[in-house]
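Undergrad: Have a look at this one.
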Amino acid sequence: MPALLLTTALAQAQQQNPLIPVLTRPSVSPRITAAPKPASQATARRPASKSKKSKTVAKPAVVKVERAVVISVSDTIKGRFIVPQVQLPDAVAAARINLGLVDAALGEDLDDVPQPLVVSTAIEQAHAEFEGKKNDFTESRYEVLYNDHSLLSVEFTSVYGGAYPSTVKRHATFDLRTGSLLKVRDLVADTLALQQRWQQSINRRVTEHLGTLPKEYPQIETDTNLLTDVKHRLYWNDSTSTVELQEGEPRFYDFAVTSFGLVLYYDFGFPHVIEALQPDSDYQLTYAEIKRWLKPKGPLSFKIEASPPSSKSAANPRG
């Protein structure tokens with residue numbers, strides 16, 4: 001196996017905070033800025049009374065982690081398998097996140113998952129399976145969607161070859177303070193209200209999609225069997241002109257955090273031969289829409305009182 005190449009990529013961290021130094025070696029730790037010493041400690045003096053002395057006990061400085069330093073790790077051949085890893089002041093939290101990043105990037109696509117699942121052995125296994133043609137998994141890459149306010153949200157893309165080349169995207173969001181892999185219920189208090197709002201977005205998108213489908217694919221107007229099949233896969237009810245998903249759907253299987261809002265993903269699972277007839281799977285709900293449902297003390301609580309983004313910066317979020 002060729003030696004692993006560590007490529008330093010500060011990604012979102014440097015764009016949002018130019019004070020973060022450029023790392024030339026992955027062993028170099030990011031700069032840690034300790035919180036200023038409380039004024040009460042800086043000016044503490046010995047009490048006037050001599051009968052009883054009091055001691056001022058200095059409290060340890062608290063390090064607030066806003067962003068992670070993100071490093072790309074890849075094989076040296078063609079950079080075919082690229083996995084993100086993070087550097088944090090808290091080594092334990094960083095280790096938890098790095099394990100989760102490797103699992104999200106490669107864990108689901110390997111025939112034989114090495115244990116322990118560390119980045120070097122995982123990439124080596126992916127490359128070995130690719131060279132041995134054990135499966136159709138040919139490439140992995142990632143994009144940092146959010147890296148701020150102690151949150152890291154990453155999108156992973158897996159590429160497959162074979163008779164029907166395709167790509168699959170999955171997402172993972174971490175709490176940089178604890179290293180925990182977050183779920184929607186960790187961010188949102190009223191998940192039922194969020195689910196209902198999401199259902200409305202799905203119904204609106206499918207309605208628009210069916211209206212424009214004949215213009216994009218004229219053959220569907222003459223192929224009644226194909227149109228019927230598409231509507232069936234979309235859970236479309238002609239009599240009510242609504243999408244009637246199965247009980248409990250949509251579920252919060254996949255989501256991401258961005259600067260504009262919470263992105264939820266729902267894939268109708270069309271087979272490859274008619275995948276082009278499926279609507280887009282990403283549904284972005286802005287913080288202005290969902291802030292009343294966020295947990296008051298959750299990882300996104302800073303968005304509850306934040307003003308909504310301007311029309312220029314919102315970039316027409318999808319919903």
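Letters A, B, ... go to the chains of the structure tokens in the order shown; residues in each chain start at 1; ligands are counted from 1 in the same order.
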Give me the residues near Leu117 of chain A as a list of chain:residue names, where near means some atom within 9 Å (using only C-alpha atoms) and where sequence neighbours in that chain fewer than 3 positions away do not count.
TA: A:Leu99, A:Val102, A:Asp103, A:Gly107, A:Val113, A:Pro114, A:Ser120, A:Thr121, A:Ala122
Undergrad: Please provide the set of residues having any atom within 8 Å of Arg177 of chain A, restricted to only C-alpha atoms, with same-chain residues fewer than 2 positions apart removed, written as a PyMOL selection string.
TA: chain A and resi 65+90+93+150+175+179
Undergrad: Using only N, CA, C and O atoms, please write the residues we just selected to a file, as a PDB file, in the first residue's frame.
TA:
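Here's the written file again_21.pdb:
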```pdb
ATOM      1  N   VAL A  65     -14.219  26.082  21.794  1.00  0.00           N
ATOM      2  CA  VAL A  65     -13.906  25.581  20.468  1.00  0.00           C
ATOM      3  C   VAL A  65     -14.997  26.018  19.503  1.00  0.00           C
ATOM      4  O   VAL A  65     -16.135  25.569  19.599  1.00  0.00           O
ATOM      5  N   ASP A  90      -9.158  19.360  22.311  1.00  0.00           N
ATOM      6  CA  ASP A  90      -9.573  18.179  23.068  1.00  0.00           C
ATOM      7  C   ASP A  90      -9.306  16.939  22.227  1.00  0.00           C
ATOM      8  O   ASP A  90     -10.030  16.646  21.267  1.00  0.00           O
ATOM      9  N   ALA A  93     -12.312  14.328  22.100  1.00  0.00           N
ATOM     10  CA  ALA A  93     -13.400  14.723  21.194  1.00  0.00           C
ATOM     11  C   ALA A  93     -12.970  14.550  19.741  1.00  0.00           C
ATOM     12  O   ALA A  93     -13.746  14.079  18.903  1.00  0.00           O
ATOM     13  N   SER A 150     -19.084  25.617  17.193  1.00  0.00           N
ATOM     14  CA  SER A 150     -18.865  24.284  17.786  1.00  0.00           C
ATOM     15  C   SER A 150     -19.613  23.178  17.057  1.00  0.00           C
ATOM     16  O   SER A 150     -19.904  22.136  17.643  1.00  0.00           O
ATOM     17  N   ASP A 175     -20.816  17.558  17.280  1.00  0.00           N
ATOM     18  CA  ASP A 175     -20.619  18.582  18.301  1.00  0.00           C
ATOM     19  C   ASP A 175     -19.117  18.617  18.607  1.00  0.00           C
ATOM     20  O   ASP A 175     -18.566  17.640  19.127  1.00  0.00           O
ATOM     21  N   GLY A 179     -17.565  15.748  20.709  1.00  0.00           N
ATOM     22  CA  GLY A 179     -17.256  14.728  19.712  1.00  0.00           C
ATOM     23  C   GLY A 179     -18.440  13.866  19.336  1.00  0.00           C
ATOM     24  O   GLY A 179     -18.306  12.907  18.581  1.00  0.00           O
TER      25      GLY A 179
END
```
Undergrad: Skip segment 126-131 of chain A itself and residues of its chain fewer than 5 positions away, then list as a count of residues only all residues within 9 Å of it, counting only C-alpha atoms.
TA: 14
Undergrad: Of the candidates A:Ala288, A:Val184, A:Leu88, A:Val73, which shows the shortest atom-to-atom distance to Ser140 of chain A, using only C-alpha atoms?
TA: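 Closest residue, counting only C-alpha atoms: A:Val73.
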Undergrad: If I take atom CA of Gly248 of chain A and atom CA of Gln195 of chain A, how far is one from the other in Å, to one decimal?
TA: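 Computed distance, atom CA of Gly248 of chain A to atom CA of Gln195 of chain A, equals 9.4 Å.
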Undergrad: Counting only C-alpha atoms, what is within 12 Å of Val257 of chain A, bar same-chain residues fewer than 3 positions away, as a PyMOL selection string?
TA: chain A and resi 144-155+171-175+182-184+187+254+260-265+283-287+299-300+303
Undergrad: Need to verify the contact set: Gln87 of chain A, 8 Å, only C-alpha atoms, exclusion of same-chain residues closer than 2 positions in sequence. Can you return it as a list in words?
TA: Ser29, Pro30, Ala68, Val69, Val70, Ile71, Gln85, Pro89, Ala91 and Ala94 of chain A
Undergrad: Go ahead and dump the residues you just picked, N, CA, C and O atoms, as a PDB file, in the first residue's frame.
TA:
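Saved result, result-v8.pdb, follows:
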```
ATOM      1  N   SER A  29      -0.463  21.431  16.363  1.00  0.00           N
ATOM      2  CA  SER A  29      -1.777  21.661  16.955  1.00  0.00           C
ATOM      3  C   SER A  29      -2.275  23.040  16.601  1.00  0.00           C
ATOM      4  O   SER A  29      -1.493  23.979  16.447  1.00  0.00           O
ATOM      5  N   PRO A  30      -3.603  23.209  16.459  1.00  0.00           N
ATOM      6  CA  PRO A  30      -4.157  24.531  16.196  1.00  0.00           C
ATOM      7  C   PRO A  30      -3.948  25.448  17.390  1.00  0.00           C
ATOM      8  O   PRO A  30      -3.780  25.002  18.517  1.00  0.00           O
ATOM      9  N   ALA A  68     -13.156  23.579  13.854  1.00  0.00           N
ATOM     10  CA  ALA A  68     -12.151  22.520  13.797  1.00  0.00           C
ATOM     11  C   ALA A  68     -11.197  22.780  12.640  1.00  0.00           C
ATOM     12  O   ALA A  68     -11.580  23.367  11.626  1.00  0.00           O
ATOM     13  N   VAL A  69      -9.970  22.346  12.795  1.00  0.00           N
ATOM     14  CA  VAL A  69      -9.028  22.330  11.684  1.00  0.00           C
ATOM     15  C   VAL A  69      -9.250  21.015  10.938  1.00  0.00           C
ATOM     16  O   VAL A  69      -9.134  19.938  11.522  1.00  0.00           O
ATOM     17  N   VAL A  70      -9.600  21.108   9.670  1.00  0.00           N
ATOM     18  CA  VAL A  70      -9.941  19.919   8.876  1.00  0.00           C
ATOM     19  C   VAL A  70      -8.779  19.559   7.953  1.00  0.00           C
ATOM     20  O   VAL A  70      -8.264  20.416   7.236  1.00  0.00           O
ATOM     21  N   ILE A  71      -8.389  18.306   7.971  1.00  0.00           N
ATOM     22  CA  ILE A  71      -7.280  17.807   7.163  1.00  0.00           C
ATOM     23  C   ILE A  71      -7.797  16.691   6.263  1.00  0.00           C
ATOM     24  O   ILE A  71      -8.573  15.832   6.689  1.00  0.00           O
ATOM     25  N   GLN A  85     -10.306  14.470   8.418  1.00  0.00           N
ATOM     26  CA  GLN A  85      -9.979  14.271   9.821  1.00  0.00           C
ATOM     27  C   GLN A  85      -9.831  15.655  10.452  1.00  0.00           C
ATOM     28  O   GLN A  85      -9.562  16.639   9.764  1.00  0.00           O
ATOM     29  N   PRO A  89      -8.330  21.046  20.245  1.00  0.00           N
ATOM     30  CA  PRO A  89      -7.611  21.067  21.524  1.00  0.00           C
ATOM     31  C   PRO A  89      -7.923  19.847  22.387  1.00  0.00           C
ATOM     32  O   PRO A  89      -7.060  19.363  23.107  1.00  0.00           O
ATOM     33  N   ALA A  91      -8.276  16.178  22.581  1.00  0.00           N
ATOM     34  CA  ALA A  91      -7.894  15.001  21.798  1.00  0.00           C
ATOM     35  C   ALA A  91      -8.962  13.920  21.832  1.00  0.00           C
ATOM     36  O   ALA A  91      -9.142  13.186  20.850  1.00  0.00           O
ATOM     37  N   ALA A  94     -11.722  14.921  19.434  1.00  0.00           N
ATOM     38  CA  ALA A  94     -11.224  14.773  18.059  1.00  0.00           C
ATOM     39  C   ALA A  94     -11.199  13.311  17.643  1.00  0.00           C
ATOM     40  O   ALA A  94     -11.559  12.968  16.501  1.00  0.00           O
TER      41      ALA A  94
END
```
Undergrad: From a DSSP pass on the backbone, collect the residues of segment 125-277 of chain A flagged as alpha helix (DSSP H) and hand them back as an MDAnalysis selection string.
TA: chainID A and resid 125:131 184:187 191:216 219:222 224:233
Undergrad: From the list A:Gly269, A:Gly211, A:Pro218, A:Gly132, which residue is nearest Ser241 of chain A when using only C-alpha atoms?
TA: A:Gly211
